[in-house]
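Next up, start_7.txt (compact mmCIF, C-alpha atoms and all ligand atoms):
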# COMPACT_ATOMS: atom_id res chain seq x y z
CA MET L 297 2.21 -26.90 64.72
CA SER L 298 3.71 -25.30 67.78
CA ASP L 299 7.16 -24.42 66.32
CA GLY L 300 6.32 -24.07 62.60
CA MET L 301 7.19 -27.70 61.95
CA MET L 302 4.49 -29.74 60.15
CA MET L 303 2.86 -32.35 62.38
CA THR L 304 2.74 -35.74 60.59
CA ARG L 305 1.91 -38.00 63.55
CA ALA L 306 -1.17 -38.04 65.78
CA TYR L 307 -3.10 -40.29 68.18
CA ASN L 308 -6.22 -42.10 67.15
CA ALA L 309 -9.06 -42.59 69.61
CA LEU L 310 -7.27 -45.64 71.07
CA GLU L 311 -4.14 -43.53 71.65
CA ASN L 312 -2.19 -45.39 68.97
CA VAL L 313 0.20 -43.28 66.88
CA ILE L 314 -1.02 -42.80 63.33
CA SER L 315 0.76 -41.19 60.36
CA ILE L 316 -0.78 -38.58 58.04
CA ASP L 317 0.02 -41.04 55.24
CA ASP L 318 -2.43 -43.52 56.77
CA ILE L 319 -5.30 -40.99 56.66
CA HIS L 320 -7.43 -41.06 53.52
CA SER L 321 -10.26 -38.68 54.50
CA SER L 322 -10.03 -35.08 55.74
CA ASN L 323 -13.31 -35.50 57.58
CA ARG L 324 -12.02 -37.98 60.15
CA ASP L 325 -12.71 -36.70 63.66
CA ASP L 326 -10.57 -39.22 65.56
CA CYS L 327 -7.17 -37.53 65.14
CA PHE L 328 -5.74 -36.02 68.33
CA CYS L 329 -2.59 -34.04 69.16
CA ILE L 330 0.19 -36.02 70.85
CA GLY L 331 1.17 -32.89 72.81
CA CYS L 332 -2.22 -31.71 74.16
CA GLY L 333 -4.87 -34.29 73.17
CA GLY L 334 -6.73 -31.63 71.13
CA GLN L 335 -8.69 -32.53 68.01
CA LEU L 336 -6.79 -32.23 64.71
CA THR L 337 -7.65 -31.78 61.04
CA ALA L 338 -5.80 -33.82 58.42
CA ASN L 339 -4.68 -31.51 55.59
CA LYS L 340 -4.30 -33.62 52.47
CA GLY L 341 -3.89 -30.95 49.79
CA LYS L 342 -2.40 -31.56 46.39
CA ILE L 343 0.44 -29.05 46.48
CA LYS L 344 1.83 -28.84 50.02
CA ALA L 345 3.13 -31.78 52.08
CA HIS L 346 0.37 -33.47 54.12
CA TYR L 347 0.07 -32.56 57.78
CA PHE L 348 -2.18 -32.42 60.85
CA ALA L 349 -3.31 -29.08 62.29
CA HIS L 350 -5.12 -28.09 65.50
CA ARG L 351 -8.76 -27.20 64.89
CA PRO L 352 -9.39 -23.48 65.58
CA ASN L 353 -12.29 -23.40 68.10
CA LYS L 354 -11.30 -25.46 71.11
CA SER L 355 -14.60 -25.11 73.06
CA ASN L 356 -16.63 -27.20 70.60
CA LEU L 357 -14.02 -29.89 70.20
CA LYS L 358 -13.54 -33.35 71.56
CA THR L 359 -10.38 -34.15 73.46
CA LEU L 360 -8.69 -37.46 73.95
CA ALA L 361 -9.61 -39.32 77.13
CA GLY L 362 -7.29 -38.26 79.98
CA TYR L 363 -6.62 -34.80 78.45
CA ASP L 364 -8.67 -31.63 78.81
CA SER L 365 -9.20 -28.69 76.44
CA THR L 366 -7.27 -26.19 78.65
CA MET L 367 -3.94 -28.11 78.34
CA VAL L 368 -1.00 -26.19 76.91
CA CYS L 369 0.31 -28.01 73.81
CA ASN L 370 3.89 -29.28 74.27
CA TRP L 371 4.23 -30.78 70.78
CA SER L 372 7.49 -29.84 68.96
CA SER L 373 9.64 -31.08 66.09
CA GLU L 374 11.59 -33.10 68.71
CA SER L 375 8.32 -35.00 69.45
CA GLU L 376 8.18 -35.84 65.73
CA VAL L 377 11.86 -36.99 65.74
CA HIS L 378 11.19 -39.13 68.84
CA ILE L 379 8.25 -40.93 67.25
CA MET L 380 9.95 -41.38 63.87
CA ALA L 381 13.13 -42.82 65.51
CA LYS L 382 10.94 -45.39 67.29
CA GLU L 383 9.23 -46.20 63.96
CA TYR L 384 12.67 -46.56 62.31
CA ILE L 385 13.76 -49.20 64.87
CA ALA L 386 10.42 -50.98 64.56
CA ASN L 387 10.89 -51.12 60.76
CA THR L 388 14.57 -52.15 60.64
CA MET L 389 14.32 -54.52 63.67
CA GLU L 390 18.06 -54.00 64.33
CA LEU L 391 20.52 -51.61 65.95
CA LEU L 392 24.28 -51.11 65.94
CA LEU L 393 25.13 -51.53 69.62
CA PRO L 394 28.35 -51.53 71.67
CA ILE L 395 29.13 -54.85 73.38
CA GLY L 396 30.97 -54.33 76.63
CA THR L 397 32.15 -51.23 78.39
CA ILE L 398 35.91 -51.97 78.26
CA ASN L 399 37.19 -51.62 74.63
CA PRO L 400 33.62 -52.29 73.38
CA ILE L 401 33.07 -53.92 69.99
CA HIS L 402 30.18 -52.64 67.88
CA LYS L 403 27.77 -55.22 66.52
CA ILE L 404 24.49 -55.03 64.61
CA ILE L 405 22.01 -56.66 66.95
CA GLU L 406 18.93 -58.13 65.26
CA PHE L 407 15.77 -58.19 67.34
CA SER L 408 13.20 -60.97 67.24
CA SER L 409 10.48 -58.50 68.23
CA VAL L 410 10.06 -54.75 68.70
CA LYS L 411 7.17 -53.16 70.63
CA LEU L 412 6.64 -49.42 70.76
CA GLU L 413 5.18 -47.88 73.91
CA LYS L 414 2.40 -45.35 73.42
CA ARG L 415 3.23 -42.61 75.90
CA LEU L 416 6.20 -40.25 75.49
CA ASN L 417 6.84 -39.57 79.16
CA GLY L 418 6.59 -41.49 82.38
CA ARG L 419 8.30 -44.58 83.71
CA VAL L 420 7.56 -46.82 80.73
CA PRO L 421 10.40 -47.31 78.19
CA ASP L 422 10.09 -46.04 74.61
CA ILE L 423 10.72 -49.43 73.02
CA ILE L 424 10.70 -52.97 74.36
CA ALA L 425 12.75 -55.14 71.98
CA SER L 426 13.70 -58.77 72.48
CA ILE L 427 16.47 -61.11 71.40
CA ASN L 428 15.37 -64.70 71.62
CA GLY L 429 13.00 -63.87 74.44
CA GLU L 430 15.46 -61.65 76.34
CA ARG L 431 14.17 -58.09 76.78
CA ILE L 432 16.22 -55.06 75.70
CA LEU L 433 14.67 -51.73 76.69
CA ILE L 434 15.49 -48.85 74.33
CA GLU L 435 15.22 -45.20 75.33
CA ILE L 436 15.35 -42.47 72.66
CA ALA L 437 16.80 -39.23 74.11
CA VAL L 438 15.92 -36.20 71.95
CA MET L 439 15.30 -33.56 74.64
CA HIS L 440 15.96 -35.30 77.97
CA LYS L 441 18.25 -38.13 78.98
CA CYS L 442 17.23 -40.71 81.58
CA ASP L 443 17.58 -39.40 85.11
CA ASN L 444 19.65 -41.15 87.77
CA ASP L 445 16.58 -42.47 89.67
CA LYS L 446 15.39 -44.28 86.57
CA ILE L 447 18.88 -45.74 85.94
CA LYS L 448 19.00 -46.97 89.56
CA GLU L 449 15.57 -48.55 89.15
CA LEU L 450 16.66 -50.31 85.90
CA ARG L 451 19.77 -51.72 87.58
CA ALA L 452 17.84 -52.78 90.72
CA ASN L 453 15.44 -54.71 88.48
CA ASN L 454 18.37 -56.38 86.62
CA LEU L 455 17.20 -55.05 83.20
CA ASN L 456 19.01 -54.44 79.90
CA CYS L 457 18.51 -50.83 78.81
CA ILE L 458 20.28 -48.84 76.07
CA GLU L 459 19.89 -45.09 75.51
CA ILE L 460 20.12 -43.72 71.95
CA ASP L 461 21.22 -40.09 72.06
CA LEU L 462 19.62 -37.98 69.28
CA LYS L 463 20.45 -34.60 70.83
CA ASN L 464 22.46 -33.67 67.71
CA TYR L 465 19.14 -33.23 65.82
CA LYS L 466 18.87 -29.83 64.10
CA ARG L 467 15.79 -28.56 62.25
CA THR L 468 16.38 -28.27 58.50
CA GLY L 469 12.90 -27.84 56.96
CA ASP L 470 9.14 -27.96 57.51
CA ILE L 471 9.03 -31.74 57.94
CA VAL L 472 11.28 -34.37 59.49
CA SER L 473 12.24 -36.75 56.67
CA HIS L 474 12.96 -40.48 56.87
CA GLU L 475 16.43 -39.78 55.41
CA GLN L 476 17.13 -37.35 58.22
CA ILE L 477 16.12 -39.97 60.82
CA LYS L 478 18.29 -42.63 59.12
CA ALA L 479 21.31 -40.30 59.13
CA LEU L 480 20.70 -39.33 62.76
CA MET L 481 20.40 -42.99 63.86
CA SER L 482 23.61 -43.99 62.03
CA LYS L 483 25.61 -41.33 63.89
CA ALA L 484 23.80 -41.60 67.24
CA ASN L 485 25.75 -42.41 70.38
CA ALA L 486 24.35 -45.56 72.10
CA LYS L 487 25.03 -45.99 75.80
CA TRP L 488 24.06 -48.86 78.09
CA LEU L 489 22.25 -47.59 81.20
CA SER L 490 21.85 -51.05 82.73
CA VAL L 491 22.97 -54.57 81.73
CA SER L 492 21.47 -57.71 83.29
CA ALA L 493 23.98 -60.17 84.73
CA SER L 494 21.73 -63.19 84.56
CA ASN L 495 20.54 -63.67 80.97
CA GLN L 496 22.42 -64.66 77.81
CA PHE L 497 22.82 -61.20 76.18
CA GLY L 498 23.96 -59.63 79.47
CA GLY L 499 26.19 -62.68 80.03
CA SER L 500 27.97 -62.21 76.68
CA PHE L 501 28.30 -58.49 77.52
CA HIS L 502 29.94 -59.25 80.87
CA THR L 503 32.06 -62.06 79.33
CA HIS L 504 33.48 -59.47 76.89
CA ASP L 505 34.26 -57.15 79.77
CA LYS L 506 35.89 -60.01 81.79
CA GLU L 507 38.07 -61.01 78.82
CA GLN L 508 39.03 -57.40 78.23
CA PHE L 509 39.78 -57.05 81.93
CA LYS L 510 42.04 -60.17 81.88
CA LYS L 511 43.82 -58.87 78.77
CA LEU L 512 44.32 -55.46 80.34
CA ASN L 513 45.50 -57.11 83.58
CA SER L 514 48.09 -59.21 81.78
CA GLU L 515 49.18 -56.16 79.76
CA TYR L 516 49.38 -54.30 83.06
CA LYS L 517 51.63 -57.01 84.58
CA ASN L 518 53.93 -56.98 81.56
CA ASN L 519 54.00 -53.24 81.56
CA LYS L 520 54.64 -53.22 85.32
CA HIS L 521 57.77 -55.40 84.84
CA PHE L 522 59.08 -53.19 82.04
CA MET L 523 58.21 -50.11 83.99
CA THR L 524 60.02 -51.39 87.09
CA VAL L 525 63.15 -51.90 84.98
CA ASP L 526 62.60 -48.51 83.42
CA ILE L 527 61.99 -46.87 86.80
CA THR L 528 65.24 -48.37 88.18
CA ALA L 529 67.13 -46.98 85.16
CA ARG L 530 65.37 -43.67 85.52
CA GLY L 531 66.20 -43.69 89.28
CA ARG L 532 69.88 -43.95 88.38
CA GLY L 533 69.46 -41.19 85.87
CA LEU L 534 67.70 -39.18 88.56
CA GLU L 535 70.65 -39.64 90.95
CA SER L 536 73.04 -38.27 88.35
CA ILE L 537 70.62 -35.42 87.62
CA LYS L 538 70.46 -34.69 91.37
CA SER L 539 74.24 -34.47 91.59
CA ASP L 540 74.20 -32.25 88.49
CA ILE L 541 71.59 -30.08 90.20
CA GLU L 542 73.74 -29.86 93.36
CA SER L 543 76.77 -28.71 91.40
CA SER L 544 74.55 -26.36 89.43
CA GLU L 545 73.19 -24.97 92.72
CA LEU L 546 76.75 -24.26 93.87
CA LYS L 547 77.40 -22.48 90.57
CA LEU L 548 74.14 -20.64 91.03
CA ILE L 549 75.20 -19.41 94.46
CA SER L 550 78.44 -18.03 93.01
CA ILE L 551 76.52 -16.52 90.09
CA ASN L 552 74.07 -14.95 92.56
CA GLU L 553 76.96 -13.43 94.50
CA ASN L 554 78.37 -12.13 91.26
CA ILE L 555 74.97 -10.74 90.38
CA ALA L 556 74.81 -8.98 93.77
CA ILE L 557 78.23 -7.36 93.09
CA LYS L 558 77.24 -6.42 89.56
CA GLY L 559 73.92 -5.16 91.01
CA GLY L 560 75.86 -2.76 93.28
CA GLU L 561 77.93 -1.61 90.31
CA LEU L 562 74.76 -1.22 88.29
CA ASP L 563 73.19 0.92 91.05
CA GLU L 564 76.26 3.18 90.98
CA ILE L 565 76.09 3.45 87.20
CA LYS L 566 72.34 4.14 87.44
CA SER L 567 72.89 6.94 89.95
CA LYS L 568 75.61 8.39 87.66
CA ILE L 569 73.24 8.15 84.72
CA ALA L 570 70.57 9.91 86.82
CA ASP L 571 73.06 12.73 87.58
CA ILE L 572 73.98 12.95 83.92
CA ASN L 573 70.30 12.99 83.03
CA ILE L 574 69.67 15.90 85.43
CA CYS L 575 72.67 17.78 83.94
CA ASN L 576 71.34 17.01 80.47
CA LEU L 577 67.90 18.24 81.47
CA ILE L 578 69.29 21.53 82.83
CA SER L 579 71.52 22.03 79.81
CA ARG L 580 68.61 21.13 77.52
CA GLU L 581 66.40 23.71 79.27
CA SER L 582 69.05 26.43 79.05
CA SER L 583 69.70 25.48 75.46
CA VAL L 584 65.97 25.76 74.80
CA LEU L 585 65.97 29.29 76.31
CA ARG L 586 69.08 30.21 74.31
CA ASN L 587 67.52 28.84 71.18
CA GLU L 588 64.38 30.89 71.82
CA LYS L 589 66.47 34.04 72.18
CA LEU L 590 68.47 33.19 69.08
CA ASN L 591 65.27 32.46 67.27
CA ASN L 592 63.85 35.88 68.22
CA GLU L 593 67.06 37.61 67.13
CA GLU L 594 67.10 35.61 63.94
CA ARG L 595 63.41 36.51 63.33
CA ASN L 596 64.12 40.25 63.86
CA ARG L 597 67.18 40.05 61.63
CA LEU L 598 65.13 38.30 58.98
CA LEU L 599 62.42 40.98 59.28
CA SER L 600 64.98 43.77 58.82
CA VAL L 601 66.58 41.90 55.91
CA ARG L 602 63.13 41.48 54.36
CA THR L 603 62.38 45.21 54.79
CA ASP L 604 65.78 46.11 53.35
CA LEU L 605 65.13 43.72 50.50
CA GLU L 606 61.76 45.34 49.81
CA ILE L 607 63.39 48.81 49.76
CA ARG L 608 66.07 47.51 47.42
CA GLU L 609 63.48 45.97 45.20
CA VAL L 610 61.68 49.34 44.96
CA ALA L 611 65.03 51.05 44.21
CA ILE L 612 65.86 48.40 41.60
CA SER L 613 62.51 48.88 39.98
CA GLU L 614 63.05 52.67 39.92
CA VAL L 615 66.55 52.16 38.46
CA GLU L 616 65.08 49.79 35.91
CA ASP L 617 62.43 52.39 34.95
CA ASP L 618 65.16 55.03 34.66
CA LEU L 619 67.29 52.66 32.62
CA ALA L 620 64.38 51.96 30.30
CA CYS L 621 63.85 55.71 29.89
CA ARG L 622 67.56 56.28 29.23
CA THR L 623 67.68 53.39 26.79
CA LYS L 624 64.76 54.95 24.92
CA LYS L 625 66.63 58.29 24.87
CA LEU L 626 69.83 56.59 23.76
CA ILE L 627 68.03 54.90 20.91
CA SER L 628 66.58 58.25 19.80
CA LEU L 629 70.02 59.89 20.17
CA GLU L 630 71.61 57.14 18.13
CA SER L 631 69.07 57.62 15.39
CA GLN L 632 69.69 61.39 15.52
CA GLN L 633 73.44 60.71 15.42
CA ALA L 634 72.98 58.50 12.38
CA GLU L 635 70.98 61.26 10.69
CA LEU L 636 73.68 63.78 11.63
CA ALA L 637 76.39 61.48 10.33
CA ILE L 638 74.57 61.34 7.00
CA LYS L 639 74.25 65.16 7.03
CA ILE L 640 77.91 65.59 7.98
CA ALA L 641 78.95 63.23 5.21
CA SER L 642 76.92 65.21 2.69
CA GLU L 643 78.28 68.52 4.14
CA GLU L 644 81.81 67.14 3.93
CA GLU L 645 81.19 66.13 0.34
CA ALA L 646 79.89 69.64 -0.38
CA ILE L 647 82.92 71.22 1.39
CA ARG L 648 85.25 68.95 -0.51
CA LYS L 649 83.67 70.02 -3.77
CA ARG L 650 83.82 73.71 -2.78
CA ARG L 651 87.41 73.34 -1.63
CA LYS L 652 88.31 71.78 -4.95
CA LYS L 653 86.51 74.57 -6.72
CA ILE L 654 88.27 77.23 -4.57
CA HIS L 655 91.55 75.42 -5.04
CA ASP L 656 91.05 75.41 -8.77
CA GLU L 657 90.04 79.06 -8.63
CA VAL L 658 93.07 79.89 -6.42
CA ASN L 659 95.37 77.99 -8.78
CA LEU L 660 94.01 79.99 -11.72
CA GLU L 661 94.35 83.28 -9.79
CA ALA L 662 97.90 82.32 -8.75
CA ARG L 663 98.85 81.62 -12.31
CA VAL L 664 97.37 84.98 -13.37
CA ILE L 665 99.22 86.74 -10.55
CA ALA L 666 102.42 84.85 -11.42
CA LYS L 667 102.09 85.74 -15.10
CA ARG L 668 101.51 89.35 -14.16
CA LYS L 669 104.54 89.26 -11.90
CA TYR L 670 106.56 87.49 -14.61
CA ASP L 671 105.40 90.04 -17.18
CA LYS L 672 106.46 92.91 -14.85
CA GLU L 673 109.75 91.16 -14.25
CA LEU L 674 110.10 90.66 -17.95
CA GLU L 675 109.38 94.42 -18.49
CA ARG L 676 111.89 95.29 -15.79
CA THR L 677 114.42 92.88 -17.27
CA ASP L 678 113.78 94.25 -20.76
CA SER L 679 114.29 97.80 -19.54
CA ALA L 680 117.43 96.75 -17.66
CA LEU L 681 118.57 94.98 -20.80
CA ASN L 682 117.87 98.10 -22.90
CA THR L 683 119.77 100.20 -20.36
CA THR L 684 122.61 97.73 -20.54
CA ARG L 685 122.42 97.80 -24.40
CA LEU L 686 122.51 101.57 -24.37
CA LYS L 687 125.52 101.51 -22.03
CA ILE L 688 127.15 98.93 -24.22
CA LYS L 689 126.40 101.10 -27.36
CA LYS L 690 127.82 104.17 -25.57
CA ILE L 691 130.81 102.11 -24.58
CA LEU L 692 131.11 100.97 -28.23
CA ASN L 693 130.81 104.53 -29.43
CA LYS L 694 133.54 105.66 -27.09
CA THR L 695 135.65 102.70 -28.02
CA LYS L 696 135.14 103.06 -31.83
CA SER L 697 138.71 103.93 -32.30
CA ILE L 698 140.09 101.12 -30.20
CA LEU L 699 137.96 98.21 -31.31
CA PRO L 700 138.11 96.74 -34.73
CA THR L 701 134.93 97.32 -36.63
CA GLU L 702 134.37 93.60 -36.93
CA THR L 703 134.32 93.04 -33.17
CA ARG L 704 132.13 96.04 -32.70
CA LEU L 705 129.64 94.67 -35.25
CA GLU L 706 129.83 91.30 -33.54
CA ILE L 707 128.98 92.82 -30.13
CA LEU L 708 126.20 94.93 -31.70
CA GLU L 709 124.79 91.85 -33.23
CA MET L 710 125.06 90.09 -29.90
CA ILE L 711 123.11 92.78 -28.06
CA ASN L 712 120.31 93.23 -30.68
ZN ZN B 801 -1.38 -29.96 70.55

Will you turn the file into structure tokens for me?
Ligand SMILES: [Zn+2]
Amino acid sequence: MSDGMMMTRAYNALENVISIDDIHSSNRDDCFCIGCGGQLTANKGKIKAHYFAHRPNKSNLKTLAGYDSTMVCNWSSESEVHIMAKEYIANTMELLLPIGTINPIHKIIEFSSVKLEKRLNGRVPDIIASINGERILIEIAVMHKCDNDKIKELRANNLNCIEIDLKNYKRTGDIVSHEQIKALMSKANAKWLSVSASNQFGGSFHTHDKEQFKKLNSEYKNNKHFMTVDITARGRGLESIKSDIESSELKLISINENIAIKGGELDEIKSKIADINICNLISRESSVLRNEKLNNEERNRLLSVRTDLEIREVAISEVEDDLACRTKKLISLESQQAELAIKIASEEEAIRKRRKKIHDEVNLEARVIAKRKYDKELERTDSALNTTRLKIKKILNKTKSILPTETRLEILEMIN
């Protein structure tokens, strides 16, 4: 197993290919490697798939005639595919082959005999098949296609040879299965390397090509007629297109002139734009400088405003402290005032009571004084009255003679 693939085919002592399935004893010593001629062991275990393997110690081993023990083994999974494809054709005795090279038809060709060649390499073909005695050589191309020298030789010898291309083979497991070979063969490209002109198969091949050639030739003639008509029509069309192109070229010239004029105008505009751009650049630079200055001034102003603000904040906080203190004082004053108001009210009440008392006392005193005054007045009046009575009595005494006694008694009564 040179590439990990299990080897299922080997040579026997007569250099015939044998399958592991044909081996019934592990002790057989006539199994040799197809790649190097080295002696092989047949592994016929019960679990793994059956396979051949190189024996380990090469010095004590037999080698197939024509090989020697120092040969490097060139066996690969492609060798296995090559052999199994040959076996497949030998078993089916038929192939799907193209007939003809011009519009080929594909036909299943049944062979009357199939003979496999022993060697893989060299000038001998892989398979010699026959159809009613006519030989068809079959080459299986897995790694290498036929070289040009071999193709020349086949043609010089007037042989039929088909090449089956199996280069699409890809490894999928440890063994190459019959199903894999069948699938590969059904999709394989088959190409004739050489076809004999003299025998029946080659004759039918060439007859197909001749018929196809005639058909194509007649189609060609028909097509040529239609194409001539078409070409004439197209020629006319071409003439009109040419005249269109000429008038378009004239237009193009005038457009180009216009473009040149507009180009000049554009250059002028561009140079103006460049001037404007320079002006803009200068003004932008000066504006940048101005902005920097303004920014600095603005920053300084901001700083001073911030400082001022901080000072104000301190002042505000002081004022707030003061205000809090004053508020506290005010509250205490208000409470004192309330207390005082209560005191004043009670004092006022007391004063009112005292005033009333004094007033009452004064009123009493005044009445006493008034009575005393009145009594004195009464005394004075009484004395005045007595004086007056005395005067009147004197007057009555003096006037006793003049006044009737009655009148005098009346007056006396009046004054007493
Ligand atoms: Zn080998």

Using only C-alpha atoms, determine which residues lie at most 12 Å from Glu507 (chain L), disregarding the query and same-chain residues fewer than 4 positions distant; provide the list as a PyMOL selection string. chain L and resi 396-400+500-503+511-514

As an exercise, work out the distance from CA of Ser492 (chain L) to CA of Ala386 (chain L) in Å and give it to one decimal place. 22.8 Å

Rows by chain and residue number, chain L within 10 Å of ligand ZN 801 (chain B), shortest pair, only C-alpha atoms and all ligand atoms, as a Markdown table:
| residue | atom | partner | partner_atom | distance |
| --- | --- | --- | --- | --- |
| L:Met297 | CA | B:ZN801 | ZN | 7.5 |
| L:Ser298 | CA | B:ZN801 | ZN | 7.4 |
| L:Met303 | CA | B:ZN801 | ZN | 9.5 |
| L:Ala306 | CA | B:ZN801 | ZN | 9.4 |
| L:Phe328 | CA | B:ZN801 | ZN | 7.8 |
| L:Cys329 | CA | B:ZN801 | ZN | 4.5 |
| L:Ile330 | CA | B:ZN801 | ZN | 6.3 |
| L:Gly331 | CA | B:ZN801 | ZN | 4.5 |
| L:Cys332 | CA | B:ZN801 | ZN | 4.1 |
| L:Gly333 | CA | B:ZN801 | ZN | 6.1 |
| L:Gly334 | CA | B:ZN801 | ZN | 5.6 |
| L:Gln335 | CA | B:ZN801 | ZN | 8.2 |
| L:Leu336 | CA | B:ZN801 | ZN | 8.3 |
| L:Ala349 | CA | B:ZN801 | ZN | 8.5 |
| L:His350 | CA | B:ZN801 | ZN | 6.6 |
| L:Arg351 | CA | B:ZN801 | ZN | 9.7 |
| L:Ser365 | CA | B:ZN801 | ZN | 9.9 |
| L:Met367 | CA | B:ZN801 | ZN | 8.4 |
| L:Val368 | CA | B:ZN801 | ZN | 7.4 |
| L:Cys369 | CA | B:ZN801 | ZN | 4.2 |
| L:Asn370 | CA | B:ZN801 | ZN | 6.5 |
| L:Trp371 | CA | B:ZN801 | ZN | 5.7 |
| L:Ser372 | CA | B:ZN801 | ZN | 9.0 |

Report, in Å to a single decimal, how far apart CA of Ala452 (chain L) and CA of Met481 (chain L) are. 28.7 Å

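With all atoms listed in the file as the atoms that count, the residue of L:Glu374, L:Glu657, L:Glu588, L:Asp326 with the shortest distance to Lys463 (chain L) is L:Glu374.
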
How big is the axis-aligned box, and where does its centre sit, when it encloses all atoms of region 597-603 of chain L listed in the file and has 5 Å added on every side, reported in Å to one decimal as JSON?
{"center_x": 64.8, "center_y": 41.8, "center_z": 58.0, "size_x": 14.8, "size_y": 16.9, "size_z": 17.3}

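The two atoms in question, CA of Val313 (chain L) and CA of Met389 (chain L), are spaced 18.3 Å apart.
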
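Proximity of L:Glu630, L:Asp422, L:Glu553, L:Glu383 to Cys457 (chain L), computed with only C-alpha atoms, is greatest for L:Asp422.
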
Write out as a PyMOL selection string which residues come within 12 Å of Val491 (chain L) when counting all atoms listed in the file, dropping same-chain ones fewer than 5 positions away. chain L and resi 394-397+430-434+447-448+450-459+496-502+505

For those residues, write C-alpha atoms to a file as a PDB file, keeping the file's coordinate frame.
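Writing done, so here's part22.pdb:
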ATOM      1  CA  PRO L 394      28.350 -51.530  71.670  1.00  0.00           C
ATOM      2  CA  ILE L 395      29.130 -54.850  73.380  1.00  0.00           C
ATOM      3  CA  GLY L 396      30.970 -54.330  76.630  1.00  0.00           C
ATOM      4  CA  THR L 397      32.150 -51.230  78.390  1.00  0.00           C
ATOM      5  CA  GLU L 430      15.460 -61.650  76.340  1.00  0.00           C
ATOM      6  CA  ARG L 431      14.170 -58.090  76.780  1.00  0.00           C
ATOM      7  CA  ILE L 432      16.220 -55.060  75.700  1.00  0.00           C
ATOM      8  CA  LEU L 433      14.670 -51.730  76.690  1.00  0.00           C
ATOM      9  CA  ILE L 434      15.490 -48.850  74.330  1.00  0.00           C
ATOM     10  CA  ILE L 447      18.880 -45.740  85.940  1.00  0.00           C
ATOM     11  CA  LYS L 448      19.000 -46.970  89.560  1.00  0.00           C
ATOM     12  CA  LEU L 450      16.660 -50.310  85.900  1.00  0.00           C
ATOM     13  CA  ARG L 451      19.770 -51.720  87.580  1.00  0.00           C
ATOM     14  CA  ALA L 452      17.840 -52.780  90.720  1.00  0.00           C
ATOM     15  CA  ASN L 453      15.440 -54.710  88.480  1.00  0.00           C
ATOM     16  CA  ASN L 454      18.370 -56.380  86.620  1.00  0.00           C
ATOM     17  CA  LEU L 455      17.200 -55.050  83.200  1.00  0.00           C
ATOM     18  CA  ASN L 456      19.010 -54.440  79.900  1.00  0.00           C
ATOM     19  CA  CYS L 457      18.510 -50.830  78.810  1.00  0.00           C
ATOM     20  CA  ILE L 458      20.280 -48.840  76.070  1.00  0.00           C
ATOM     21  CA  GLU L 459      19.890 -45.090  75.510  1.00  0.00           C
ATOM     22  CA  GLN L 496      22.420 -64.660  77.810  1.00  0.00           C
ATOM     23  CA  PHE L 497      22.820 -61.200  76.180  1.00  0.00           C
ATOM     24  CA  GLY L 498      23.960 -59.630  79.470  1.00  0.00           C
ATOM     25  CA  GLY L 499      26.190 -62.680  80.030  1.00  0.00           C
ATOM     26  CA  SER L 500      27.970 -62.210  76.680  1.00  0.00           C
ATOM     27  CA  PHE L 501      28.300 -58.490  77.520  1.00  0.00           C
ATOM     28  CA  HIS L 502      29.940 -59.250  80.870  1.00  0.00           C
ATOM     29  CA  ASP L 505      34.260 -57.150  79.770  1.00  0.00           C
TER      30      ASP L 505
END

With the input short on atoms, add N, CA and C atoms back to region 508-517 of chain L and write it as a compact mmCIF listing (two decimals), in the coordinates of the input.
# COMPACT_ATOMS: atom_id res chain seq x y z
N GLN L 508 38.28 -58.66 78.40
CA GLN L 508 39.03 -57.40 78.23
C GLN L 508 39.80 -57.07 79.50
N PHE L 509 39.14 -57.34 80.64
CA PHE L 509 39.78 -57.05 81.93
C PHE L 509 41.04 -57.92 82.09
N LYS L 510 40.90 -59.24 81.76
CA LYS L 510 42.04 -60.17 81.88
C LYS L 510 43.19 -59.69 80.99
N LYS L 511 42.81 -59.32 79.74
CA LYS L 511 43.82 -58.87 78.77
C LYS L 511 44.55 -57.62 79.30
N LEU L 512 43.73 -56.70 79.81
CA LEU L 512 44.32 -55.46 80.34
C LEU L 512 45.21 -55.76 81.54
N ASN L 513 44.75 -56.75 82.37
CA ASN L 513 45.50 -57.11 83.58
C ASN L 513 46.85 -57.70 83.20
N SER L 514 46.82 -58.60 82.17
CA SER L 514 48.09 -59.21 81.78
C SER L 514 49.00 -58.16 81.14
N GLU L 515 48.39 -57.28 80.33
CA GLU L 515 49.18 -56.16 79.76
C GLU L 515 49.77 -55.32 80.89
N TYR L 516 48.94 -55.12 81.92
CA TYR L 516 49.38 -54.30 83.06
C TYR L 516 50.60 -54.94 83.73
N LYS L 517 50.51 -56.32 83.91
CA LYS L 517 51.63 -57.01 84.58
C LYS L 517 52.91 -56.88 83.77
